[in-house]
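Data from my_file12.cif: mmCIF, C-alpha atoms, pLDDT in the B column; chains and numbers go by the auth columns
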```cif
data_model
loop_
_atom_site.group_PDB
_atom_site.id
_atom_site.type_symbol
_atom_site.label_atom_id
_atom_site.label_comp_id
_atom_site.label_asym_id
_atom_site.label_seq_id
_atom_site.Cartn_x
_atom_site.Cartn_y
_atom_site.Cartn_z
_atom_site.B_iso_or_equiv
_atom_site.auth_seq_id
_atom_site.auth_asym_id
ATOM 1 C CA MET A 1 12.507 8.036 -0.668 43.00 1 C
ATOM 2 C CA SER A 2 9.972 6.225 1.483 44.00 2 C
ATOM 3 C CA PRO A 3 6.318 7.251 1.870 46.00 3 C
ATOM 4 C CA ILE A 4 5.173 8.901 5.071 48.00 4 C
ATOM 5 C CA GLY A 5 1.873 8.946 6.936 48.00 5 C
ATOM 6 C CA PRO A 6 -0.901 6.352 6.652 49.00 6 C
ATOM 7 C CA VAL A 7 0.468 4.961 3.386 47.00 7 C
ATOM 8 C CA ALA A 8 3.768 4.114 5.070 45.00 8 C
ATOM 9 C CA ALA A 9 1.987 2.386 7.940 47.00 9 C
ATOM 10 C CA ARG A 10 0.113 0.113 5.541 50.00 10 C
ATOM 11 C CA SER A 11 3.108 -0.667 3.356 48.00 11 C
ATOM 12 C CA SER A 12 5.185 -1.774 6.343 49.00 12 C
ATOM 13 C CA ALA A 13 2.561 -4.299 7.440 49.00 13 C
ATOM 14 C CA SER A 14 3.431 -7.972 7.548 50.00 14 C
ATOM 15 C CA PRO A 15 3.218 -9.833 4.214 56.00 15 C
ATOM 16 C CA GLN A 16 0.644 -12.326 5.495 72.00 16 C
ATOM 17 C CA ALA A 17 -3.028 -11.702 4.757 74.00 17 C
ATOM 18 C CA PRO A 18 -5.143 -10.363 7.623 74.00 18 C
ATOM 19 C CA SER A 19 -7.622 -12.669 9.292 84.00 19 C
ATOM 20 C CA PRO A 20 -11.220 -12.563 8.009 86.00 20 C
ATOM 21 C CA GLU A 21 -12.243 -10.626 11.130 86.00 21 C
ATOM 22 C CA LEU A 22 -9.570 -7.974 10.577 88.00 22 C
ATOM 23 C CA ALA A 23 -10.400 -7.759 6.874 89.00 23 C
ATOM 24 C CA GLU A 24 -14.065 -7.173 7.721 91.00 24 C
ATOM 25 C CA LEU A 25 -13.096 -4.628 10.356 90.00 25 C
ATOM 26 C CA ARG A 26 -10.889 -2.750 7.869 90.00 26 C
ATOM 27 C CA LYS A 27 -13.691 -2.704 5.286 92.00 27 C
ATOM 28 C CA ALA A 28 -16.169 -1.397 7.869 92.00 28 C
ATOM 29 C CA ALA A 29 -13.720 1.249 9.102 92.00 29 C
ATOM 30 C CA GLU A 30 -13.078 2.432 5.542 92.00 30 C
ATOM 31 C CA GLY A 31 -16.827 2.561 4.929 92.00 31 C
ATOM 32 C CA PHE A 32 -17.319 4.643 8.052 93.00 32 C
ATOM 33 C CA GLU A 33 -14.521 6.998 7.022 92.00 33 C
ATOM 34 C CA ALA A 34 -16.166 7.405 3.606 93.00 34 C
ATOM 35 C CA ILE A 35 -19.482 8.257 5.293 93.00 35 C
ATOM 36 C CA MET A 36 -17.762 10.836 7.503 93.00 36 C
ATOM 37 C CA LEU A 37 -16.034 12.409 4.507 92.00 37 C
ATOM 38 C CA ARG A 38 -19.282 12.526 2.515 92.00 38 C
ATOM 39 C CA ARG A 39 -21.003 14.336 5.389 93.00 39 C
ATOM 40 C CA MET A 40 -18.111 16.786 5.727 91.00 40 C
ATOM 41 C CA LEU A 41 -18.183 17.550 2.001 89.00 41 C
ATOM 42 C CA ALA A 42 -21.979 17.898 1.966 88.00 42 C
ATOM 43 C CA THR A 43 -21.860 20.283 4.926 88.00 43 C
ATOM 44 C CA ALA A 44 -19.136 22.361 3.301 85.00 44 C
ATOM 45 C CA ARG A 45 -21.071 22.495 0.040 80.00 45 C
ATOM 46 C CA ALA A 46 -24.321 23.441 1.824 78.00 46 C
ATOM 47 C CA SER A 47 -22.655 26.549 3.213 73.00 47 C
ATOM 48 C CA SER A 48 -22.075 27.889 -0.295 67.00 48 C
ATOM 49 C CA PHE A 49 -23.360 31.390 -0.942 68.00 49 C
ATOM 50 C CA ALA A 50 -23.596 30.902 -4.713 65.00 50 C
ATOM 51 C CA GLU A 51 -26.776 32.029 -6.418 69.00 51 C
ATOM 52 C CA GLU A 52 -29.120 29.563 -8.120 70.00 52 C
ATOM 53 C CA THR A 53 -28.592 29.696 -11.878 70.00 53 C
ATOM 54 C CA PRO A 54 -29.444 27.259 -14.655 71.00 54 C
ATOM 55 C CA LEU A 55 -25.874 25.948 -14.360 70.00 55 C
ATOM 56 C CA THR A 56 -26.198 25.258 -10.619 71.00 56 C
ATOM 57 C CA GLY A 57 -29.524 23.428 -10.796 75.00 57 C
ATOM 58 C CA GLY A 58 -30.460 19.843 -10.017 78.00 58 C
ATOM 59 C CA ALA A 59 -28.209 18.158 -12.571 82.00 59 C
ATOM 60 C CA MET A 60 -25.151 20.027 -11.309 82.00 60 C
ATOM 61 C CA GLN A 61 -26.064 19.223 -7.704 83.00 61 C
ATOM 62 C CA GLN A 62 -26.381 15.533 -8.605 87.00 62 C
ATOM 63 C CA TYR A 63 -23.005 15.614 -10.335 87.00 63 C
ATOM 64 C CA LEU A 64 -21.357 17.301 -7.345 87.00 64 C
ATOM 65 C CA THR A 65 -22.879 14.747 -4.974 89.00 65 C
ATOM 66 C CA MET A 66 -21.601 11.857 -7.091 92.00 66 C
ATOM 67 C CA ARG A 67 -18.155 13.477 -7.305 93.00 67 C
ATOM 68 C CA ASP A 68 -18.032 13.959 -3.516 92.00 68 C
ATOM 69 C CA GLU A 69 -19.072 10.333 -2.947 93.00 69 C
ATOM 70 C CA HIS A 70 -16.370 9.086 -5.326 94.00 70 C
ATOM 71 C CA PHE A 71 -13.738 11.280 -3.674 93.00 71 C
ATOM 72 C CA ALA A 72 -14.792 10.049 -0.211 93.00 72 C
ATOM 73 C CA ASP A 73 -14.514 6.403 -1.305 92.00 73 C
ATOM 74 C CA ILE A 74 -11.047 6.936 -2.799 93.00 74 C
ATOM 75 C CA ALA A 75 -9.811 8.883 0.228 91.00 75 C
ATOM 76 C CA ALA A 76 -11.105 6.232 2.644 90.00 76 C
ATOM 77 C CA LYS A 77 -9.480 3.369 0.719 90.00 77 C
ATOM 78 C CA SER A 78 -6.145 5.188 0.393 91.00 78 C
ATOM 79 C CA GLY A 79 -6.006 6.135 4.062 87.00 79 C
ATOM 80 C CA ALA A 80 -5.399 9.773 3.157 86.00 80 C
ATOM 81 C CA PHE A 81 -7.145 11.120 6.253 88.00 81 C
ATOM 82 C CA GLY A 82 -6.332 8.239 8.615 89.00 82 C
ATOM 83 C CA PHE A 83 -9.767 7.934 10.210 88.00 83 C
ATOM 84 C CA ALA A 84 -10.244 4.328 9.094 90.00 84 C
ATOM 85 C CA ARG A 85 -6.827 3.224 10.375 90.00 85 C
ATOM 86 C CA SER A 86 -7.495 4.826 13.744 91.00 86 C
ATOM 87 C CA ILE A 87 -10.976 3.302 14.000 89.00 87 C
ATOM 88 C CA GLU A 88 -9.630 -0.090 12.954 90.00 88 C
ATOM 89 C CA ALA A 89 -6.844 0.018 15.549 90.00 89 C
ATOM 90 C CA GLN A 90 -9.254 0.954 18.328 90.00 90 C
ATOM 91 C CA LEU A 91 -11.830 -1.707 17.459 88.00 91 C
ATOM 92 C CA ALA A 92 -9.245 -4.431 16.811 88.00 92 C
ATOM 93 C CA GLN A 93 -8.374 -4.306 20.488 88.00 93 C
ATOM 94 C CA HIS A 94 -11.764 -5.862 21.185 85.00 94 C
ATOM 95 C CA LEU A 95 -11.163 -8.859 18.924 81.00 95 C
ATOM 96 C CA PRO A 96 -9.947 -11.906 20.837 77.00 96 C
ATOM 97 C CA GLY A 97 -6.168 -12.204 20.450 67.00 97 C
ATOM 98 C CA LYS A 98 -5.958 -9.704 17.570 53.00 98 C
ATOM 99 C CA ARG A 99 -3.936 -6.515 17.408 52.00 99 C
ATOM 100 C CA VAL A 100 -3.385 -4.125 14.491 50.00 100 C
ATOM 101 C CA SER A 101 0.210 -2.972 14.153 51.00 101 C
#
```
Encoded form (structure tokens):
Amino acid sequence: MSPIGPVAARSSASPQAPSPELAELRKAAEGFEAIMLRRMLATARASSFAEETPLTGGAMQQYLTMRDEHFADIAAKSGAFGFARSIEAQLAQHLPGKRVS
């Protein structure tokens, strides 16, 4: 059984390493996707109607923020949401002679 979605698109890429420009572009696109995901998670968490209790204080908020940041980094690197791949493909068109497949 073959993978589907963004994972399949990456695994079918050519075996040669991307150029330094494309590697930088991919890293930047993944970073931007992680930022977007962090903001989405923070906004969703801010809309919580939970009451303030000793268990939902500052330490718990810090833990939840760190967990959201870690999740966003993993999701961006795995291509789970596909934002980075889309951003990379759009911006790669502006590199001289470079195209992302």
Quick one: of C:Thr43, C:Glu69, C:Ile74, C:Arg26, who's nearest to C:Gln90, counting all atoms listed in the file? C:Arg26
Report, in Å to a single decimal, how far apart atom CA of C:Ala59 and atom CA of C:Lys77 are. 27.3 Å
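For the pair atom CA of C:Arg45 and atom CA of C:Phe71, the separation is 13.9 Å.
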Do you have the atom CA of C:Ser19-atom CA of C:Leu95 distance handy?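 Computed distance, atom CA of C:Ser19 to atom CA of C:Leu95, equals 10.9 Å.
Closest to C:Ala84 among C:Ala29, C:Ala17, C:Ala44, C:Met36 is C:Ala29, based on only C-alpha atoms.
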Nearest-residue call for C:Phe32, choices C:Ala75, C:Ala46, C:Met60, C:Met66, using only C-alpha atoms: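 Going through C:Ala75, C:Ala46, C:Met60, C:Met66 one by one, the smallest distance to C:Phe32 is for C:Ala75.
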Of the residues C:Thr65, C:Gln93, C:Ser86, C:Ser78, which is the one nearest to C:Leu41, using all atoms listed in the file?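 Result for the nearest residue to C:Leu41: C:Thr65.
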Of the listed residues C:Gly82, C:Leu22, C:Gln16, C:Gly57, that which approaches C:Pro96 most closely, counting only C-alpha atoms: C:Leu22
Nearest residue to C:Arg38 from the set C:Ala72, C:Arg67, C:Ala80, C:Glu88 (distances using all atoms listed in the file):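 With all atoms listed in the file as the atom set, the closest residue is C:Ala72.
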Tell me, as number ranges by chain, which residues lie within 6 Å of C:Ala76, counting only C-alpha atoms; anything in the same chain fewer than 2 positions away does not count. C: 30, 33-34, 73-74, 78-79
Just need the box for stretch 56-75 of chain C, edges along x, y and z, holding every atom the file lists for it with 5 Å tacked onto each side, so centre and edge lengths in Å to one decimal, as lines of an AutoDock Vina configuration file.
```
center_x = -20.1
center_y = 15.8
center_z = -6.2
size_x = 30.6
size_y = 28.9
size_z = 22.8
```
